[in-house]
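Visitor: So here's entry-v4.pdb (PDB, C-alpha atoms).
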```
ATOM      1  CA  MET V   1       4.412   2.563 -11.947  1.00  0.00           C
ATOM      2  CA  ILE V   2       4.901   5.038  -9.082  1.00  0.00           C
ATOM      3  CA  ARG V   3       2.044   3.462  -7.169  1.00  0.00           C
ATOM      4  CA  ARG V   4       3.583  -0.020  -7.548  1.00  0.00           C
ATOM      5  CA  PHE V   5       6.916   1.334  -6.335  1.00  0.00           C
ATOM      6  CA  ALA V   6       5.250   2.961  -3.316  1.00  0.00           C
ATOM      7  CA  LEU V   7       3.428  -0.277  -2.458  1.00  0.00           C
ATOM      8  CA  ALA V   8       6.657  -2.260  -2.777  1.00  0.00           C
ATOM      9  CA  ALA V   9       8.484   0.225  -0.557  1.00  0.00           C
ATOM     10  CA  PHE V  10       5.680   0.043   2.019  1.00  0.00           C
ATOM     11  CA  ALA V  11       5.819  -3.762   1.991  1.00  0.00           C
ATOM     12  CA  LEU V  12       9.570  -3.620   2.505  1.00  0.00           C
ATOM     13  CA  LEU V  13       9.088  -1.303   5.492  1.00  0.00           C
ATOM     14  CA  LEU V  14       6.609  -3.716   7.033  1.00  0.00           C
ATOM     15  CA  THR V  15       9.043  -6.608   6.774  1.00  0.00           C
ATOM     16  CA  ALA V  16      12.029  -4.580   7.941  1.00  0.00           C
ATOM     17  CA  GLY V  17      10.683  -4.043  11.456  1.00  0.00           C
ATOM     18  CA  PRO V  18       9.542  -1.012  13.440  1.00  0.00           C
ATOM     19  CA  ALA V  19      12.927   0.727  13.752  1.00  0.00           C
ATOM     20  CA  ALA V  20      13.488   0.739   9.989  1.00  0.00           C
ATOM     21  CA  ALA V  21       9.935   1.933   9.341  1.00  0.00           C
ATOM     22  CA  GLU V  22      10.367   4.747  11.862  1.00  0.00           C
ATOM     23  CA  ASP V  23      13.689   5.861  10.319  1.00  0.00           C
ATOM     24  CA  ALA V  24      12.208   5.840   6.817  1.00  0.00           C
ATOM     25  CA  ALA V  25       9.138   7.778   7.972  1.00  0.00           C
ATOM     26  CA  GLN V  26      11.124  10.799   9.141  1.00  0.00           C
ATOM     27  CA  PRO V  27      14.656  11.529   7.984  1.00  0.00           C
ATOM     28  CA  ASP V  28      16.992  13.563  10.152  1.00  0.00           C
ATOM     29  CA  PHE V  29      15.865  17.014   9.035  1.00  0.00           C
ATOM     30  CA  PHE V  30      18.363  18.780  11.276  1.00  0.00           C
ATOM     31  CA  ALA V  31      21.292  16.763   9.894  1.00  0.00           C
ATOM     32  CA  ALA V  32      20.188  17.646   6.356  1.00  0.00           C
ATOM     33  CA  ALA V  33      20.099  21.346   7.304  1.00  0.00           C
ATOM     34  CA  ILE V  34      23.747  21.166   8.382  1.00  0.00           C
ATOM     35  CA  CYS V  35      24.719  19.429   5.122  1.00  0.00           C
ATOM     36  CA  GLN V  36      24.932  15.908   6.499  1.00  0.00           C
ATOM     37  CA  PRO V  37      24.752  14.695   3.754  1.00  0.00           C
ATOM     38  CA  PRO V  38      25.551  17.639   1.443  1.00  0.00           C
ATOM     39  CA  TYR V  39      22.623  19.032  -0.546  1.00  0.00           C
ATOM     40  CA  SER V  40      21.542  17.077  -3.599  1.00  0.00           C
ATOM     41  CA  PHE V  41      18.346  17.206  -5.606  1.00  0.00           C
ATOM     42  CA  ASP V  42      17.593  13.552  -4.808  1.00  0.00           C
ATOM     43  CA  HIS V  43      18.016  14.050  -1.066  1.00  0.00           C
ATOM     44  CA  ALA V  44      15.920  17.234  -1.160  1.00  0.00           C
ATOM     45  CA  THR V  45      13.151  15.261  -2.883  1.00  0.00           C
ATOM     46  CA  THR V  46      13.306  12.588  -0.191  1.00  0.00           C
ATOM     47  CA  LEU V  47      13.083  15.264   2.502  1.00  0.00           C
ATOM     48  CA  TYR V  48      10.187  16.983   0.721  1.00  0.00           C
ATOM     49  CA  ASN V  49       8.243  13.729   0.406  1.00  0.00           C
ATOM     50  CA  ALA V  50       8.791  12.962   4.099  1.00  0.00           C
ATOM     51  CA  ALA V  51       7.665  16.475   5.086  1.00  0.00           C
ATOM     52  CA  GLU V  52       4.526  16.158   2.949  1.00  0.00           C
ATOM     53  CA  LYS V  53       3.626  12.937   4.800  1.00  0.00           C
ATOM     54  CA  LEU V  54       3.924  14.689   8.163  1.00  0.00           C
ATOM     55  CA  THR V  55       2.163  17.956   7.415  1.00  0.00           C
ATOM     56  CA  LYS V  56       1.414  20.522   4.737  1.00  0.00           C
ATOM     57  CA  PRO V  57       3.251  23.826   4.422  1.00  0.00           C
ATOM     58  CA  ASP V  58       1.579  26.365   6.647  1.00  0.00           C
ATOM     59  CA  MET V  59       3.299  29.465   5.365  1.00  0.00           C
ATOM     60  CA  SER V  60       5.464  30.825   2.629  1.00  0.00           C
ATOM     61  CA  LEU V  61       8.489  32.852   3.618  1.00  0.00           C
ATOM     62  CA  PHE V  62      10.294  34.772   0.853  1.00  0.00           C
ATOM     63  CA  GLY V  63       9.318  32.099  -1.664  1.00  0.00           C
ATOM     64  CA  ALA V  64      10.165  29.240   0.695  1.00  0.00           C
ATOM     65  CA  ALA V  65       7.688  26.600   1.811  1.00  0.00           C
ATOM     66  CA  VAL V  66       7.712  26.198   5.603  1.00  0.00           C
ATOM     67  CA  TYR V  67       6.483  23.006   7.251  1.00  0.00           C
ATOM     68  CA  HIS V  68       5.625  23.035  10.963  1.00  0.00           C
ATOM     69  CA  LEU V  69       6.567  19.632  12.373  1.00  0.00           C
ATOM     70  CA  PRO V  70       4.295  17.836  14.862  1.00  0.00           C
ATOM     71  CA  ALA V  71       7.118  17.821  17.447  1.00  0.00           C
ATOM     72  CA  ALA V  72      10.206  19.928  18.045  1.00  0.00           C
ATOM     73  CA  ILE V  73      13.642  18.620  17.140  1.00  0.00           C
ATOM     74  CA  ALA V  74      16.867  19.658  18.849  1.00  0.00           C
ATOM     75  CA  ARG V  75      20.559  19.362  18.155  1.00  0.00           C
ATOM     76  CA  ASP V  76      23.689  20.969  19.584  1.00  0.00           C
ATOM     77  CA  GLY V  77      21.600  23.139  21.931  1.00  0.00           C
ATOM     78  CA  PHE V  78      19.336  24.537  19.181  1.00  0.00           C
ATOM     79  CA  THR V  79      15.617  23.813  18.778  1.00  0.00           C
ATOM     80  CA  THR V  80      13.277  23.965  15.814  1.00  0.00           C
ATOM     81  CA  GLN V  81       9.859  22.813  14.811  1.00  0.00           C
ATOM     82  CA  ASP V  82       9.931  24.342  11.326  1.00  0.00           C
ATOM     83  CA  ILE V  83      11.656  23.055   8.207  1.00  0.00           C
ATOM     84  CA  LEU V  84      11.856  24.922   4.941  1.00  0.00           C
ATOM     85  CA  PHE V  85      12.422  24.327   1.263  1.00  0.00           C
ATOM     86  CA  ALA V  86      13.639  27.257  -0.829  1.00  0.00           C
ATOM     87  CA  ASN V  87      14.727  26.863  -4.438  1.00  0.00           C
ATOM     88  CA  SER V  88      17.938  24.826  -4.038  1.00  0.00           C
ATOM     89  CA  ALA V  89      18.192  24.876  -0.268  1.00  0.00           C
ATOM     90  CA  PHE V  90      16.856  22.846   2.602  1.00  0.00           C
ATOM     91  CA  GLY V  91      16.893  24.122   6.145  1.00  0.00           C
ATOM     92  CA  VAL V  92      15.347  24.584   9.528  1.00  0.00           C
ATOM     93  CA  LEU V  93      14.146  27.712  11.311  1.00  0.00           C
ATOM     94  CA  ILE V  94      15.906  27.766  14.671  1.00  0.00           C
ATOM     95  CA  ASP V  95      14.098  29.405  17.580  1.00  0.00           C
ATOM     96  CA  GLY V  96      15.596  32.814  18.395  1.00  0.00           C
ATOM     97  CA  ASP V  97      17.990  35.217  16.727  1.00  0.00           C
ATOM     98  CA  VAL V  98      20.989  32.932  17.069  1.00  0.00           C
ATOM     99  CA  ALA V  99      22.969  33.318  13.827  1.00  0.00           C
ATOM    100  CA  ALA V 100      26.169  34.193  15.690  1.00  0.00           C
ATOM    101  CA  LYS V 101      25.826  31.153  17.969  1.00  0.00           C
ATOM    102  CA  LEU V 102      25.181  28.930  14.952  1.00  0.00           C
ATOM    103  CA  ALA V 103      28.245  30.436  13.255  1.00  0.00           C
ATOM    104  CA  GLU V 104      30.375  29.568  16.269  1.00  0.00           C
ATOM    105  CA  THR V 105      28.980  26.032  16.557  1.00  0.00           C
ATOM    106  CA  TYR V 106      29.271  25.181  12.854  1.00  0.00           C
ATOM    107  CA  HIS V 107      32.415  27.222  12.025  1.00  0.00           C
ATOM    108  CA  LEU V 108      30.751  29.734   9.705  1.00  0.00           C
ATOM    109  CA  ALA V 109      32.237  33.067   8.617  1.00  0.00           C
ATOM    110  CA  PRO V 110      30.342  36.335   8.051  1.00  0.00           C
ATOM    111  CA  GLU V 111      28.852  36.544   4.562  1.00  0.00           C
ATOM    112  CA  LYS V 112      30.369  39.203   2.355  1.00  0.00           C
ATOM    113  CA  SER V 113      27.111  39.692   0.516  1.00  0.00           C
ATOM    114  CA  HIS V 114      23.600  40.064   1.811  1.00  0.00           C
ATOM    115  CA  LEU V 115      22.131  39.332  -1.616  1.00  0.00           C
ATOM    116  CA  PHE V 116      22.010  35.554  -1.148  1.00  0.00           C
ATOM    117  CA  GLY V 117      19.739  35.765   1.855  1.00  0.00           C
ATOM    118  CA  ALA V 118      18.682  39.422   1.963  1.00  0.00           C
ATOM    119  CA  SER V 119      19.372  39.164   5.677  1.00  0.00           C
ATOM    120  CA  THR V 120      20.571  41.504   8.341  1.00  0.00           C
ATOM    121  CA  THR V 121      23.039  38.944   9.686  1.00  0.00           C
ATOM    122  CA  GLY V 122      24.419  36.088   7.642  1.00  0.00           C
ATOM    123  CA  PHE V 123      27.156  33.514   8.022  1.00  0.00           C
ATOM    124  CA  ALA V 124      28.302  30.788   5.641  1.00  0.00           C
ATOM    125  CA  ARG V 125      30.860  28.084   5.038  1.00  0.00           C
ATOM    126  CA  GLN V 126      31.378  26.518   1.640  1.00  0.00           C
ATOM    127  CA  LEU V 127      31.789  22.757   1.939  1.00  0.00           C
ATOM    128  CA  PRO V 128      35.223  21.312   1.091  1.00  0.00           C
ATOM    129  CA  ASP V 129      35.765  20.057  -2.466  1.00  0.00           C
ATOM    130  CA  ALA V 130      35.445  16.408  -1.359  1.00  0.00           C
ATOM    131  CA  GLU V 131      31.900  17.144  -0.083  1.00  0.00           C
ATOM    132  CA  GLN V 132      30.697  18.990  -3.191  1.00  0.00           C
ATOM    133  CA  PRO V 133      28.267  16.532  -4.845  1.00  0.00           C
ATOM    134  CA  MET V 134      27.546  18.716  -7.908  1.00  0.00           C
ATOM    135  CA  LYS V 135      30.733  20.755  -8.255  1.00  0.00           C
ATOM    136  CA  ALA V 136      30.466  20.952 -12.045  1.00  0.00           C
ATOM    137  CA  MET V 137      27.077  22.694 -11.674  1.00  0.00           C
ATOM    138  CA  GLY V 138      27.603  24.771  -8.539  1.00  0.00           C
ATOM    139  CA  LEU V 139      28.667  24.824  -4.904  1.00  0.00           C
ATOM    140  CA  VAL V 140      27.054  23.772  -1.629  1.00  0.00           C
ATOM    141  CA  SER V 141      27.391  25.851   1.531  1.00  0.00           C
ATOM    142  CA  LEU V 142      26.099  25.726   5.074  1.00  0.00           C
ATOM    143  CA  VAL V 143      24.442  29.049   5.932  1.00  0.00           C
ATOM    144  CA  ALA V 144      22.877  30.736   8.955  1.00  0.00           C
ATOM    145  CA  ARG V 145      20.833  33.888   8.396  1.00  0.00           C
ATOM    146  CA  GLN V 146      18.601  36.051  10.514  1.00  0.00           C
ATOM    147  CA  GLY V 147      16.725  39.254   9.921  1.00  0.00           C
ATOM    148  CA  PRO V 148      13.482  41.086  10.614  1.00  0.00           C
ATOM    149  CA  GLY V 149      11.556  39.019   8.065  1.00  0.00           C
ATOM    150  CA  LEU V 150      12.246  35.827  10.006  1.00  0.00           C
ATOM    151  CA  LYS V 151      10.468  37.155  13.124  1.00  0.00           C
ATOM    152  CA  GLY V 152      12.578  35.733  15.930  1.00  0.00           C
ATOM    153  CA  LYS V 153      13.859  32.730  14.013  1.00  0.00           C
ATOM    154  CA  THR V 154      17.192  32.005  12.354  1.00  0.00           C
ATOM    155  CA  MET V 155      17.482  30.042   9.141  1.00  0.00           C
ATOM    156  CA  LEU V 156      20.073  27.273   9.173  1.00  0.00           C
ATOM    157  CA  ALA V 157      20.325  25.671   5.734  1.00  0.00           C
ATOM    158  CA  CYS V 158      22.314  23.579   3.332  1.00  0.00           C
ATOM    159  CA  GLU V 159      22.268  25.611   0.130  1.00  0.00           C
ATOM    160  CA  PHE V 160      23.266  24.852  -3.446  1.00  0.00           C
ATOM    161  CA  VAL V 161      24.039  27.828  -5.699  1.00  0.00           C
ATOM    162  CA  SER V 162      24.762  27.227  -9.377  1.00  0.00           C
ATOM    163  CA  HIS V 163      27.836  28.826 -10.903  1.00  0.00           C
ATOM    164  CA  GLU V 164      25.578  30.909 -13.185  1.00  0.00           C
ATOM    165  CA  ASP V 165      23.474  32.206 -10.277  1.00  0.00           C
ATOM    166  CA  ARG V 166      26.568  32.998  -8.213  1.00  0.00           C
ATOM    167  CA  ALA V 167      28.147  34.931 -11.119  1.00  0.00           C
ATOM    168  CA  GLY V 168      24.900  36.823 -11.713  1.00  0.00           C
ATOM    169  CA  LEU V 169      24.544  37.783  -8.052  1.00  0.00           C
ATOM    170  CA  GLU V 170      28.167  38.896  -7.845  1.00  0.00           C
ATOM    171  CA  ALA V 171      27.748  41.034 -10.973  1.00  0.00           C
ATOM    172  CA  PHE V 172      24.557  42.554  -9.548  1.00  0.00           C
ATOM    173  CA  GLU V 173      26.305  43.329  -6.273  1.00  0.00           C
ATOM    174  CA  LYS V 174      29.243  45.024  -8.070  1.00  0.00           C
ATOM    175  CA  ALA V 175      26.818  47.120 -10.134  1.00  0.00           C
ATOM    176  CA  SER V 176      24.864  48.166  -7.025  1.00  0.00           C
ATOM    177  CA  GLU V 177      28.069  49.303  -5.267  1.00  0.00           C
ATOM    178  CA  LYS V 178      28.682  51.963  -7.929  1.00  0.00           C
TER
END
```
Using structure tokens, write down the structure from this file.
Guide:
Amino acid sequence: MIRRFALAAFALLLTAGPAAAEDAAQPDFFAAAICQPPYSFDHATTLYNAAEKLTKPDMSLFGAAVYHLPAAIARDGFTTQDILFANSAFGVLIDGDVAAKLAETYHLAPEKSHLFGASTTGFARQLPDAEQPMKAMGLVSLVARQGPGLKGKTMLACEFVSHEDRAGLEAFEKASEK
């Protein structure tokens, strides 16, 4: 069944012309990292499948799979060649320690907690209600984080956090403050 679907999709790409085939071959990874569109499990699967066609993950970073793209991509003055998948987040690793610049560009505020990213510097902006695709289950935010573990890179990601996970992390943070 999956194989038939893949063959049908491939045939459709062939008949759609080179521009459509090129667009389907590589989605806009950078746009996805800045929540355009907002994170969803279906979109993350599409991104993962596209990444797997381009390359295999060449490292694991704090439980995240990192894929080194064949060519760099740039947007808004930032450059990356690495995309990452981590639990319920999709992002890119921007060259340099540029979390503050990303925060300024994408209107992010300093994170109150370092538990979500275990980072030295973190910024986030929760998407407006109208852009929350899974609001009943949790909330989507755009985040930028940097720290020593990222070795000269800054993570820019669209991140979904379930209500249960958020409550658990907040409770853990309150307990650790005592």
Visitor: List, as a PDB file with C-alpha atoms, in the coordinates of the input, every residue that the PyMOL selection byres ((chain V and resi 44) around 12) selects in the file provided.
Guide:
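Wrote it out as result31.pdb, contents follow:
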```pdb
ATOM      1  CA  PRO V  27      14.656  11.529   7.984  1.00  0.00           C
ATOM      2  CA  ASP V  28      16.992  13.563  10.152  1.00  0.00           C
ATOM      3  CA  PHE V  29      15.865  17.014   9.035  1.00  0.00           C
ATOM      4  CA  ALA V  32      20.188  17.646   6.356  1.00  0.00           C
ATOM      5  CA  ALA V  33      20.099  21.346   7.304  1.00  0.00           C
ATOM      6  CA  CYS V  35      24.719  19.429   5.122  1.00  0.00           C
ATOM      7  CA  GLN V  36      24.932  15.908   6.499  1.00  0.00           C
ATOM      8  CA  PRO V  37      24.752  14.695   3.754  1.00  0.00           C
ATOM      9  CA  PRO V  38      25.551  17.639   1.443  1.00  0.00           C
ATOM     10  CA  TYR V  39      22.623  19.032  -0.546  1.00  0.00           C
ATOM     11  CA  SER V  40      21.542  17.077  -3.599  1.00  0.00           C
ATOM     12  CA  PHE V  41      18.346  17.206  -5.606  1.00  0.00           C
ATOM     13  CA  ASP V  42      17.593  13.552  -4.808  1.00  0.00           C
ATOM     14  CA  HIS V  43      18.016  14.050  -1.066  1.00  0.00           C
ATOM     15  CA  THR V  45      13.151  15.261  -2.883  1.00  0.00           C
ATOM     16  CA  THR V  46      13.306  12.588  -0.191  1.00  0.00           C
ATOM     17  CA  LEU V  47      13.083  15.264   2.502  1.00  0.00           C
ATOM     18  CA  TYR V  48      10.187  16.983   0.721  1.00  0.00           C
ATOM     19  CA  ASN V  49       8.243  13.729   0.406  1.00  0.00           C
ATOM     20  CA  ALA V  50       8.791  12.962   4.099  1.00  0.00           C
ATOM     21  CA  ALA V  51       7.665  16.475   5.086  1.00  0.00           C
ATOM     22  CA  ILE V  83      11.656  23.055   8.207  1.00  0.00           C
ATOM     23  CA  LEU V  84      11.856  24.922   4.941  1.00  0.00           C
ATOM     24  CA  PHE V  85      12.422  24.327   1.263  1.00  0.00           C
ATOM     25  CA  ALA V  86      13.639  27.257  -0.829  1.00  0.00           C
ATOM     26  CA  ASN V  87      14.727  26.863  -4.438  1.00  0.00           C
ATOM     27  CA  SER V  88      17.938  24.826  -4.038  1.00  0.00           C
ATOM     28  CA  ALA V  89      18.192  24.876  -0.268  1.00  0.00           C
ATOM     29  CA  PHE V  90      16.856  22.846   2.602  1.00  0.00           C
ATOM     30  CA  GLY V  91      16.893  24.122   6.145  1.00  0.00           C
ATOM     31  CA  ALA V 157      20.325  25.671   5.734  1.00  0.00           C
ATOM     32  CA  CYS V 158      22.314  23.579   3.332  1.00  0.00           C
ATOM     33  CA  GLU V 159      22.268  25.611   0.130  1.00  0.00           C
ATOM     34  CA  PHE V 160      23.266  24.852  -3.446  1.00  0.00           C
TER      35      PHE V 160
END
```
Visitor: Rounded to one decimal place, report the atom CA of Gly149 of chain V-atom CA of Asp97 of chain V distance in Å.
Guide: 11.4 Å
Visitor: At what distance in Å, to one decimal, does atom CA of Lys56 of chain V lie from atom CA of Leu156 of chain V?
Guide: 20.3 Å
Visitor: Would you mind telling me which residue in V:Gly122, V:Gly168, V:Gly152, V:Gly77 lies nearest to Ala109 of chain V when using only C-alpha atoms?
Guide: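 Of V:Gly122, V:Gly168, V:Gly152, V:Gly77, the one nearest Ala109 of chain V, counting only C-alpha atoms, is V:Gly122.
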Visitor: So what do you get for atom CA of Leu127 of chain V versus atom CA of Glu170 of chain V, distance-wise?
Guide: 19.2 Å
Visitor: Once the PyMOL selection byres ((chain V and resi 153) around 9) is applied to the coordinates I shared, what remains selected? I want it as a list in words.
Guide: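 Output of the PyMOL selection byres ((chain V and resi 153) around 9): Thr80, Leu93, Ile94, Asp95, Gly96, Asp97, Val98, Gln146, Gly147, Gly149, Leu150, Lys151, Gly152, Thr154 and Met155 of chain V.
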Visitor: Assuming the chain letters and numbering stay as they are in my file, what does the PyMOL selection byres ((chain V and resi 69) around 9) actually select? List them as a VMD selection string.
Guide: chain V and resid 51 54 to 55 67 to 68 70 to 73 80 to 83
Visitor: Would you put the residues from that selection into a file with C-alpha atoms, as a compact mmCIF listing (two decimals), in the coordinates of the input?
Guide:
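Once everything was written out, this is part-v1.txt:
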```txt
# COMPACT_ATOMS: atom_id res chain seq x y z
CA ALA V 51 7.66 16.48 5.09
CA LEU V 54 3.92 14.69 8.16
CA THR V 55 2.16 17.96 7.42
CA TYR V 67 6.48 23.01 7.25
CA HIS V 68 5.62 23.04 10.96
CA PRO V 70 4.30 17.84 14.86
CA ALA V 71 7.12 17.82 17.45
CA ALA V 72 10.21 19.93 18.05
CA ILE V 73 13.64 18.62 17.14
CA THR V 80 13.28 23.96 15.81
CA GLN V 81 9.86 22.81 14.81
CA ASP V 82 9.93 24.34 11.33
CA ILE V 83 11.66 23.06 8.21
```
Visitor: Kindly indicate which residue among V:Gly138, V:Asp58, V:Glu52, V:Tyr106 lies nearest to Ala167 of chain V, using all atoms listed in the file for the distances.
Guide: V:Gly138
Visitor: From the list V:Phe78, V:Ala175, V:Val66, V:Arg125, which residue is nearest Lys112 of chain V when using only C-alpha atoms?
Guide: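 Among the listed residues, the smallest separation from Lys112 of chain V belongs to V:Arg125.
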Visitor: Point out the residue among V:Met59, V:Leu108, V:Ala31, V:Ala130 with the least atom-to-atom distance to Arg75 of chain V, counting all atoms listed in the file.
Guide: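 Among V:Met59, V:Leu108, V:Ala31, V:Ala130, it is V:Ala31 that comes nearest to Arg75 of chain V.
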